[in-house]
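Asker: Quick one: structure below, then a few questions.
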Amino acid sequence: MSIAAHAIVELLAWTMIATRLPRFLLTSALRGAICASAVMLGAGPCLAQQAPAHADYPIKPIRIIVAASPGTADDFFARSLGEELEVFYKQRIVIDNRPGAGGLIGNTLVSKANADGYTLAMIGVTRIITELMREQPPYRALADIVGVAHVASITNVLAVTPAIPVRTAREFVTYARVRGGELNYASLGIGSASHLAGEVFSRALGIDAVHVPFRVASDTFVEMGLGRVHYTILTLPAVLGPVREGRLRALAVMTPQRSAVLPEVPAIAEVGLPEAQFDSWSGIVAPRGTPRRIVEQLHGDIVRGLRNAALRKRFVRQGAESTPESTPDGFMRHMQEEYLRYQALIRDGAIRPE
């Protein structure tokens, strides 16, 4: 190291000792002076300019809002990812569950949060649906946020009551088309993702099945076990237990490929109904106005976490696939496409809140 370089390092060290200012503030304040001194003393290109671009972020805990209760898919993804980010950042990642009103509370909170990179949200399709289902929503589903990272795609499953005489998806398609309006399907509420999945499936079949909304999945399974409800389309984690216990029969997954968790169950395209595909998804977003440099840093570190083999295995066990190939702009485009799709579904199906 040159004499000039030694002098610069010594100057920085003594300044840090003599003051109580945080390192990132000292670095910012002294960068220009140190660089100028280095050049004047012949130290060559300024080394400070080659330091990490975002060494000043994060300097305090980051909050991830989840507009759902603990134990839900979005909560699971947020906590799993939070553990990875805590290792990277050496800062606490606080999971802030704000359930209620179909996600309205948590989704509104992130829309109105400071755009400083310290408030994020793990969102899913509910953010879009909840806005579309209200005439005067308190937030704008996409205009209020920026995409950071598409975190996971979640498998949905077509499950039927064992009370009906079908054992395969093809048999069920024939059975449903013959009976048409005699069948009904369960969802987790009017305007829920499971409701829209059922609507997509009914249209693909060309039938007019009766929608039966429930508030909790357990009530759905009781009614299906009794044979009073014929079928449902729910996320794989929700139906996996009842399927393995024999209380429900899984006939198809609503994704382009089969699931590693239920490899014996065909994808809906194999049954001849590719238009009935219905994926759920989750991703990290930030309030509109969050600096691009922070968005890009978060994206890179989230992707690094999603490539962790142990985390990927945890996701697969929950019927989900991590999506490290996403980009912030790509995730935003995906959400915009989803918005248009659900907007058309809700409008054409005249779906209104209770």
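FYI, nothing fancy with the structure tokens labels: chains A, B, ... in order, residues from 1 per chain, ligands from 1 as they appear.
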Give one line per residue of stretch 272-333 of chain A that approaches stretch 126-150 of chain A to at most 12 Å, naming the two atoms of the closest pair and their distance in Å to one decimal, counting only C-alpha atoms; sort by chain then ascending residue number and deliver it as a Markdown table.
Answerer:
| residue | atom | partner | partner_atom | distance |
| --- | --- | --- | --- | --- |
| A:Ser280 | CA | A:Thr126 | CA | 9.6 |
| A:Trp281 | CA | A:His150 | CA | 7.8 |
| A:Ser282 | CA | A:His150 | CA | 6.4 |
| A:Gly283 | CA | A:His150 | CA | 4.3 |
| A:Ile284 | CA | A:Ala149 | CA | 5.2 |
| A:Val285 | CA | A:Gly147 | CA | 4.6 |
| A:Ala286 | CA | A:Val146 | CA | 5.4 |
| A:Pro287 | CA | A:Ile145 | CA | 4.4 |
| A:Arg288 | CA | A:Ile145 | CA | 4.3 |
| A:Gly289 | CA | A:Val146 | CA | 7.8 |
| A:Thr290 | CA | A:Val146 | CA | 7.7 |
| A:Pro291 | CA | A:Val146 | CA | 10.0 |
| A:Arg292 | CA | A:Val146 | CA | 9.4 |
| A:Arg293 | CA | A:Val148 | CA | 11.1 |
| A:Ile294 | CA | A:Val148 | CA | 9.4 |
| A:Val295 | CA | A:Val148 | CA | 5.8 |
| A:Glu296 | CA | A:Val148 | CA | 7.4 |
| A:Gln297 | CA | A:Val148 | CA | 9.3 |
| A:Leu298 | CA | A:Val148 | CA | 7.0 |
| A:His299 | CA | A:Val148 | CA | 5.5 |
| A:Gly300 | CA | A:Ala149 | CA | 8.8 |
| A:Asp301 | CA | A:Ala149 | CA | 9.9 |
| A:Ile302 | CA | A:Ala149 | CA | 7.2 |
| A:Val303 | CA | A:Ala149 | CA | 7.6 |
| A:Arg304 | CA | A:Ala149 | CA | 11.2 |
| A:Gly305 | CA | A:Ala149 | CA | 11.3 |
| A:Leu306 | CA | A:His150 | CA | 10.0 |
| A:Glu321 | CA | A:His150 | CA | 10.7 |
| A:Ser322 | CA | A:His150 | CA | 8.3 |
| A:Thr323 | CA | A:His150 | CA | 6.2 |
| A:Pro324 | CA | A:His150 | CA | 7.5 |
| A:Glu325 | CA | A:His150 | CA | 8.5 |
| A:Ser326 | CA | A:His150 | CA | 5.8 |
| A:Thr327 | CA | A:Ala149 | CA | 6.2 |
| A:Pro328 | CA | A:Val148 | CA | 4.6 |
| A:Asp329 | CA | A:Gly147 | CA | 6.7 |
| A:Gly330 | CA | A:Gly147 | CA | 8.3 |
| A:Phe331 | CA | A:His150 | CA | 5.5 |
| A:Met332 | CA | A:Gly147 | CA | 5.1 |
| A:Arg333 | CA | A:Gly147 | CA | 8.9 |
Asker: Please produce, as a tab-separated table, a per-residue contact table for stretch 177-285 of chain A versus stretch 307-316 of chain A (criterion: any atom at most 10 Å away, only C-alpha atoms considered), showing the nearest atom pair and its distance in Å to one decimal, sorted by chain then residue number.
Answerer:
residue	atom	partner	partner_atom	distance
A:Ser259	CA	A:Val316	CA	8.6
A:Ala260	CA	A:Val316	CA	7.2
A:Val261	CA	A:Val316	CA	7.0
Asker: I need the chosen residues saved as a tab-separated table (two decimals), in the first residue's frame, with C-alpha atoms.
Answerer:
chain	number	residue	atom	x	y	z
A	259	SER	CA	-46.63	-31.26	-8.47
A	260	ALA	CA	-43.70	-32.99	-6.80
A	261	VAL	CA	-45.88	-33.33	-3.69
Asker: Do you know which residues are at most 12 Å from A:Pro256 counting only C-alpha atoms, after dropping those on the same chain fewer than 4 positions away, and could you put them as a list in words?
Answerer: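 Here the qualifying residues turn out to be Ser153, Ile154, Thr155, Asn156, Ala252, Pro266, Ala267, Ile268, Ala269, Glu270, Val271, Gly272, Leu273, Pro274, Glu275, Ala276, Gln277, Phe278 and Asp279 of chain A.
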Asker: For stretch 215-217 of chain A, list every protein, DNA or RNA residue within 8 Å, evaluated using only C-alpha atoms, and leave out those in the same chain fewer than 3 positions away; present the list as a ChimeraX atom specification.
Answerer: /A:188-189,220-221,238
Asker: Take atom CA of A:Ile233 and atom CA of A:Glu264 and report the distance between them in Å, one decimal.
Answerer: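 Between these atoms lies a distance of 17.5 Å.
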Asker: Looking at only C-alpha atoms, which of A:Phe201, A:Leu158, A:Val222, A:Tyr231 is the one that sits closest to A:Tyr185?
Answerer: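 Using only C-alpha atoms, the shortest distance to A:Tyr185 belongs to A:Tyr231.
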Asker: Go through stretch 48-186 of chain A and collect every residue that DSSP, computed from the backbone, puts in alpha helix (DSSP H); the answer should be as number ranges by chain.
Answerer: A: 73-89, 104-111, 125-132, 169-179
Asker: Selection from above, N, CA and C atoms, as a compact mmCIF listing (two decimals), in the first residue's frame, can you write it?
Answerer:
# COMPACT_ATOMS: atom_id res chain seq x y z
N ALA A 73 -50.16 -19.20 3.71
CA ALA A 73 -49.06 -19.32 2.74
C ALA A 73 -48.18 -18.08 2.73
N ASP A 74 -48.80 -16.89 2.64
CA ASP A 74 -48.00 -15.66 2.60
C ASP A 74 -47.17 -15.49 3.87
N ASP A 75 -47.73 -15.87 5.01
CA ASP A 75 -47.00 -15.79 6.26
C ASP A 75 -45.80 -16.74 6.25
N PHE A 76 -46.02 -17.95 5.75
CA PHE A 76 -44.94 -18.93 5.66
C PHE A 76 -43.81 -18.42 4.77
N PHE A 77 -44.16 -17.87 3.61
CA PHE A 77 -43.13 -17.36 2.70
C PHE A 77 -42.38 -16.19 3.32
N ALA A 78 -43.11 -15.28 3.98
CA ALA A 78 -42.48 -14.11 4.58
C ALA A 78 -41.49 -14.52 5.68
N ARG A 79 -41.90 -15.46 6.51
CA ARG A 79 -41.01 -15.89 7.61
C ARG A 79 -39.80 -16.66 7.08
N SER A 80 -40.02 -17.50 6.09
CA SER A 80 -38.90 -18.25 5.51
C SER A 80 -37.88 -17.31 4.88
N LEU A 81 -38.38 -16.35 4.13
CA LEU A 81 -37.49 -15.39 3.47
C LEU A 81 -36.86 -14.45 4.49
N GLY A 82 -37.62 -14.08 5.51
CA GLY A 82 -37.09 -13.20 6.55
C GLY A 82 -35.87 -13.80 7.24
N GLU A 83 -35.89 -15.11 7.44
CA GLU A 83 -34.74 -15.77 8.06
C GLU A 83 -33.49 -15.62 7.19
N GLU A 84 -33.68 -15.73 5.87
CA GLU A 84 -32.55 -15.58 4.96
C GLU A 84 -32.01 -14.15 4.99
N LEU A 85 -32.92 -13.17 4.95
CA LEU A 85 -32.49 -11.77 4.92
C LEU A 85 -31.81 -11.36 6.22
N GLU A 86 -32.24 -11.91 7.34
CA GLU A 86 -31.58 -11.59 8.60
C GLU A 86 -30.11 -12.01 8.57
N VAL A 87 -29.83 -13.13 7.93
CA VAL A 87 -28.44 -13.59 7.82
C VAL A 87 -27.64 -12.63 6.94
N PHE A 88 -28.23 -12.19 5.83
CA PHE A 88 -27.52 -11.28 4.92
C PHE A 88 -27.26 -9.93 5.57
N TYR A 89 -28.30 -9.38 6.20
CA TYR A 89 -28.27 -7.98 6.64
C TYR A 89 -27.83 -7.77 8.08
N LEU A 104 -57.91 -6.25 3.40
CA LEU A 104 -58.02 -4.80 3.23
C LEU A 104 -57.10 -4.04 4.19
N ILE A 105 -57.01 -4.51 5.42
CA ILE A 105 -56.25 -3.79 6.45
C ILE A 105 -54.76 -3.78 6.10
N GLY A 106 -54.18 -4.94 5.89
CA GLY A 106 -52.76 -5.02 5.59
C GLY A 106 -52.40 -4.38 4.27
N ASN A 107 -53.25 -4.58 3.26
CA ASN A 107 -52.96 -4.02 1.94
C ASN A 107 -53.02 -2.49 1.95
N THR A 108 -53.92 -1.92 2.72
CA THR A 108 -53.99 -0.47 2.83
C THR A 108 -52.76 0.07 3.56
N LEU A 109 -52.31 -0.66 4.57
CA LEU A 109 -51.18 -0.23 5.38
C LEU A 109 -49.91 -0.08 4.53
N VAL A 110 -49.63 -1.05 3.68
CA VAL A 110 -48.41 -0.95 2.88
C VAL A 110 -48.53 0.14 1.83
N SER A 111 -49.74 0.39 1.34
CA SER A 111 -49.93 1.47 0.35
C SER A 111 -49.60 2.83 0.93
N VAL A 125 -52.60 -12.82 -4.72
CA VAL A 125 -53.69 -12.39 -5.59
C VAL A 125 -54.78 -11.65 -4.82
N THR A 126 -54.87 -11.89 -3.50
CA THR A 126 -55.91 -11.24 -2.70
C THR A 126 -55.81 -9.72 -2.78
N ARG A 127 -54.59 -9.20 -2.90
CA ARG A 127 -54.45 -7.73 -2.99
C ARG A 127 -55.20 -7.20 -4.20
N ILE A 128 -55.13 -7.90 -5.30
CA ILE A 128 -55.81 -7.46 -6.52
C ILE A 128 -57.32 -7.66 -6.40
N ILE A 129 -57.72 -8.84 -5.94
CA ILE A 129 -59.14 -9.16 -5.87
C ILE A 129 -59.87 -8.23 -4.91
N THR A 130 -59.28 -7.98 -3.76
CA THR A 130 -59.93 -7.14 -2.76
C THR A 130 -60.18 -5.74 -3.30
N GLU A 131 -59.23 -5.20 -4.04
CA GLU A 131 -59.45 -3.87 -4.64
C GLU A 131 -60.56 -3.92 -5.69
N LEU A 132 -60.54 -4.95 -6.55
CA LEU A 132 -61.52 -5.05 -7.63
C LEU A 132 -62.94 -5.28 -7.12
N ALA A 169 -59.83 -37.37 -13.19
CA ALA A 169 -60.29 -36.06 -13.66
C ALA A 169 -61.12 -36.19 -14.92
N ARG A 170 -60.76 -37.08 -15.81
CA ARG A 170 -61.54 -37.25 -17.04
C ARG A 170 -62.94 -37.76 -16.74
N GLU A 171 -63.04 -38.67 -15.79
CA GLU A 171 -64.36 -39.15 -15.38
C GLU A 171 -65.20 -38.01 -14.80
N PHE A 172 -64.52 -37.15 -14.02
CA PHE A 172 -65.26 -36.04 -13.41
C PHE A 172 -65.73 -35.04 -14.46
N VAL A 173 -64.92 -34.77 -15.47
CA VAL A 173 -65.31 -33.86 -16.54
C VAL A 173 -66.58 -34.36 -17.23
N THR A 174 -66.61 -35.65 -17.55
CA THR A 174 -67.80 -36.24 -18.17
C THR A 174 -69.00 -36.17 -17.23
N TYR A 175 -68.77 -36.53 -15.98
CA TYR A 175 -69.83 -36.52 -14.96
C TYR A 175 -70.41 -35.12 -14.80
N ALA A 176 -69.53 -34.11 -14.74
CA ALA A 176 -69.98 -32.73 -14.52
C ALA A 176 -70.76 -32.20 -15.72
N ARG A 177 -70.29 -32.50 -16.92
CA ARG A 177 -70.97 -31.99 -18.11
C ARG A 177 -72.35 -32.59 -18.29
N VAL A 178 -72.54 -33.81 -17.83
CA VAL A 178 -73.86 -34.44 -17.93
C VAL A 178 -74.82 -33.81 -16.93
N ARG A 179 -74.33 -33.47 -15.75
CA ARG A 179 -75.21 -32.97 -14.70
C ARG A 179 -75.31 -31.45 -14.64
Asker: As an exercise, work out the distance from atom CA of A:Lys60 to atom CA of A:Ala115 in Å and give it to one decimal place.
Answerer: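 Going from atom CA of A:Lys60 over to atom CA of A:Ala115 covers 14.6 Å.
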Asker: Skipping near chain neighbours, those fewer than 5 positions away, what residues fall within 8 Å of A:Ile64 using only C-alpha atoms, listed as a VMD selection string?
Answerer: chain A and resid 78 93 to 96 119 to 122
Asker: Just checking: using only C-alpha atoms, which residue out of A:Val265, A:Arg167, A:Pro353, A:Pro70 ends up closest to A:Gly102?
Answerer: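 Of A:Val265, A:Arg167, A:Pro353, A:Pro70, the one nearest A:Gly102, counting only C-alpha atoms, is A:Pro353.
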Asker: Using only C-alpha atoms, which of the listed residues (A:Ala163, A:Met224, A:Val212, A:Val157) sits closest to A:Ser192?
Answerer: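 Using only C-alpha atoms, the shortest distance to A:Ser192 belongs to A:Val212.
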Asker: Would you list the contacts of A:Leu345 as a PyMOL selection string, taking every protein, DNA or RNA residue within 12 Å and counting only C-alpha atoms, but skipping same-chain residues closer than 2 positions in sequence?
Answerer: chain A and resi 129+132-133+191-193+195-203+338-343+347-352
Asker: DSSP says strand (DSSP E) for which residues of stretch 219-353 of chain A? Put them as a PyMOL selection string?
Answerer: chain A and resi 231-235+249-253+280-287+320-322
Asker: Could you write out that same residue set with N, CA, C and O atoms as an mmCIF file, in the first residue's frame?
Answerer:
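Okay, this is what ended up in selection28.cif:
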data_model
loop_
_atom_site.group_PDB
_atom_site.id
_atom_site.type_symbol
_atom_site.label_atom_id
_atom_site.label_comp_id
_atom_site.auth_asym_id
_atom_site.auth_seq_id
_atom_site.Cartn_x
_atom_site.Cartn_y
_atom_site.Cartn_z
ATOM 1 N N TYR A 231 -67.300 -30.381 -5.091
ATOM 2 C CA TYR A 231 -65.883 -30.188 -5.396
ATOM 3 C C TYR A 231 -65.422 -28.810 -4.955
ATOM 4 O O TYR A 231 -66.221 -27.932 -4.611
ATOM 5 N N THR A 232 -64.100 -28.639 -4.954
ATOM 6 C CA THR A 232 -63.503 -27.356 -4.611
ATOM 7 C C THR A 232 -62.148 -27.249 -5.301
ATOM 8 O O THR A 232 -61.580 -28.261 -5.728
ATOM 9 N N ILE A 233 -61.644 -26.030 -5.428
ATOM 10 C CA ILE A 233 -60.287 -25.791 -5.928
ATOM 11 C C ILE A 233 -59.589 -24.912 -4.907
ATOM 12 O O ILE A 233 -59.887 -23.731 -4.774
ATOM 13 N N LEU A 234 -58.662 -25.526 -4.162
ATOM 14 C CA LEU A 234 -57.936 -24.829 -3.104
ATOM 15 C C LEU A 234 -56.440 -25.093 -3.260
ATOM 16 O O LEU A 234 -56.021 -25.981 -3.996
ATOM 17 N N THR A 235 -55.635 -24.320 -2.520
ATOM 18 C CA THR A 235 -54.192 -24.512 -2.593
ATOM 19 C C THR A 235 -53.818 -25.885 -2.044
ATOM 20 O O THR A 235 -54.493 -26.435 -1.170
ATOM 21 N N ARG A 249 -60.770 -36.391 -2.553
ATOM 22 C CA ARG A 249 -60.067 -37.082 -3.635
ATOM 23 C C ARG A 249 -59.478 -36.037 -4.575
ATOM 24 O O ARG A 249 -60.210 -35.264 -5.193
ATOM 25 N N ALA A 250 -58.146 -36.005 -4.681
ATOM 26 C CA ALA A 250 -57.476 -35.051 -5.572
ATOM 27 C C ALA A 250 -57.489 -35.604 -6.990
ATOM 28 O O ALA A 250 -57.008 -36.718 -7.233
ATOM 29 N N LEU A 251 -58.018 -34.819 -7.939
ATOM 30 C CA LEU A 251 -58.145 -35.285 -9.323
ATOM 31 C C LEU A 251 -57.187 -34.599 -10.284
ATOM 32 O O LEU A 251 -56.804 -35.185 -11.286
ATOM 33 N N ALA A 252 -56.823 -33.347 -10.017
ATOM 34 C CA ALA A 252 -55.927 -32.619 -10.918
ATOM 35 C C ALA A 252 -55.301 -31.447 -10.187
ATOM 36 O O ALA A 252 -55.893 -30.903 -9.249
ATOM 37 N N VAL A 253 -54.105 -31.077 -10.618
ATOM 38 C CA VAL A 253 -53.512 -29.829 -10.154
ATOM 39 C C VAL A 253 -53.712 -28.807 -11.263
ATOM 40 O O VAL A 253 -53.652 -29.131 -12.449
ATOM 41 N N SER A 280 -51.761 -19.783 -7.987
ATOM 42 C CA SER A 280 -51.677 -18.706 -7.004
ATOM 43 C C SER A 280 -50.217 -18.286 -6.920
ATOM 44 O O SER A 280 -49.328 -19.021 -7.348
ATOM 45 N N TRP A 281 -49.947 -17.117 -6.393
ATOM 46 C CA TRP A 281 -48.576 -16.623 -6.320
ATOM 47 C C TRP A 281 -48.415 -15.704 -5.126
ATOM 48 O O TRP A 281 -49.390 -15.178 -4.588
ATOM 49 N N SER A 282 -47.173 -15.533 -4.734
ATOM 50 C CA SER A 282 -46.836 -14.607 -3.652
ATOM 51 C C SER A 282 -45.551 -13.879 -4.026
ATOM 52 O O SER A 282 -44.689 -14.429 -4.716
ATOM 53 N N GLY A 283 -45.432 -12.636 -3.569
ATOM 54 C CA GLY A 283 -44.232 -11.871 -3.874
ATOM 55 C C GLY A 283 -44.049 -10.692 -2.940
ATOM 56 O O GLY A 283 -44.978 -10.285 -2.240
ATOM 57 N N ILE A 284 -42.837 -10.177 -2.945
ATOM 58 C CA ILE A 284 -42.493 -9.014 -2.118
ATOM 59 C C ILE A 284 -42.677 -7.735 -2.930
ATOM 60 O O ILE A 284 -42.221 -7.645 -4.072
ATOM 61 N N VAL A 285 -43.347 -6.756 -2.330
ATOM 62 C CA VAL A 285 -43.515 -5.439 -2.939
ATOM 63 C C VAL A 285 -43.104 -4.375 -1.934
ATOM 64 O O VAL A 285 -42.976 -4.639 -0.735
ATOM 65 N N ALA A 286 -42.908 -3.162 -2.439
ATOM 66 C CA ALA A 286 -42.576 -2.007 -1.598
ATOM 67 C C ALA A 286 -43.499 -0.860 -1.975
ATOM 68 O O ALA A 286 -44.074 -0.850 -3.069
ATOM 69 N N PRO A 287 -43.678 0.128 -1.085
ATOM 70 C CA PRO A 287 -44.512 1.282 -1.441
ATOM 71 C C PRO A 287 -43.970 2.015 -2.656
ATOM 72 O O PRO A 287 -42.756 2.091 -2.859
ATOM 73 N N ALA A 320 -45.345 -25.447 -3.153
ATOM 74 C CA ALA A 320 -44.976 -24.206 -3.837
ATOM 75 C C ALA A 320 -43.627 -24.348 -4.513
ATOM 76 O O ALA A 320 -42.790 -25.157 -4.109
ATOM 77 N N GLU A 321 -43.419 -23.556 -5.533
ATOM 78 C CA GLU A 321 -42.138 -23.499 -6.229
ATOM 79 C C GLU A 321 -41.568 -22.093 -6.063
ATOM 80 O O GLU A 321 -42.248 -21.106 -6.350
ATOM 81 N N SER A 322 -40.324 -21.983 -5.601
ATOM 82 C CA SER A 322 -39.692 -20.668 -5.519
ATOM 83 C C SER A 322 -39.378 -20.182 -6.926
ATOM 84 O O SER A 322 -39.204 -20.978 -7.850
#
Asker: Go through A:Gly225, A:Asp219, A:Val210, A:Ala186 one by one, measure the shortest atom-to-atom distance of each to A:Ile164 using only C-alpha atoms, and give the residue with the smallest value.
Answerer: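 The shortest atom-to-atom distance to A:Ile164 comes from A:Gly225.
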Asker: Figure out the distance between atom CA of A:Met254 and atom CA of A:Pro237, please, to one decimal in Å.
Answerer: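 We find that atom CA of A:Pro237 and atom CA of A:Met254 lie 13.7 Å from each other.
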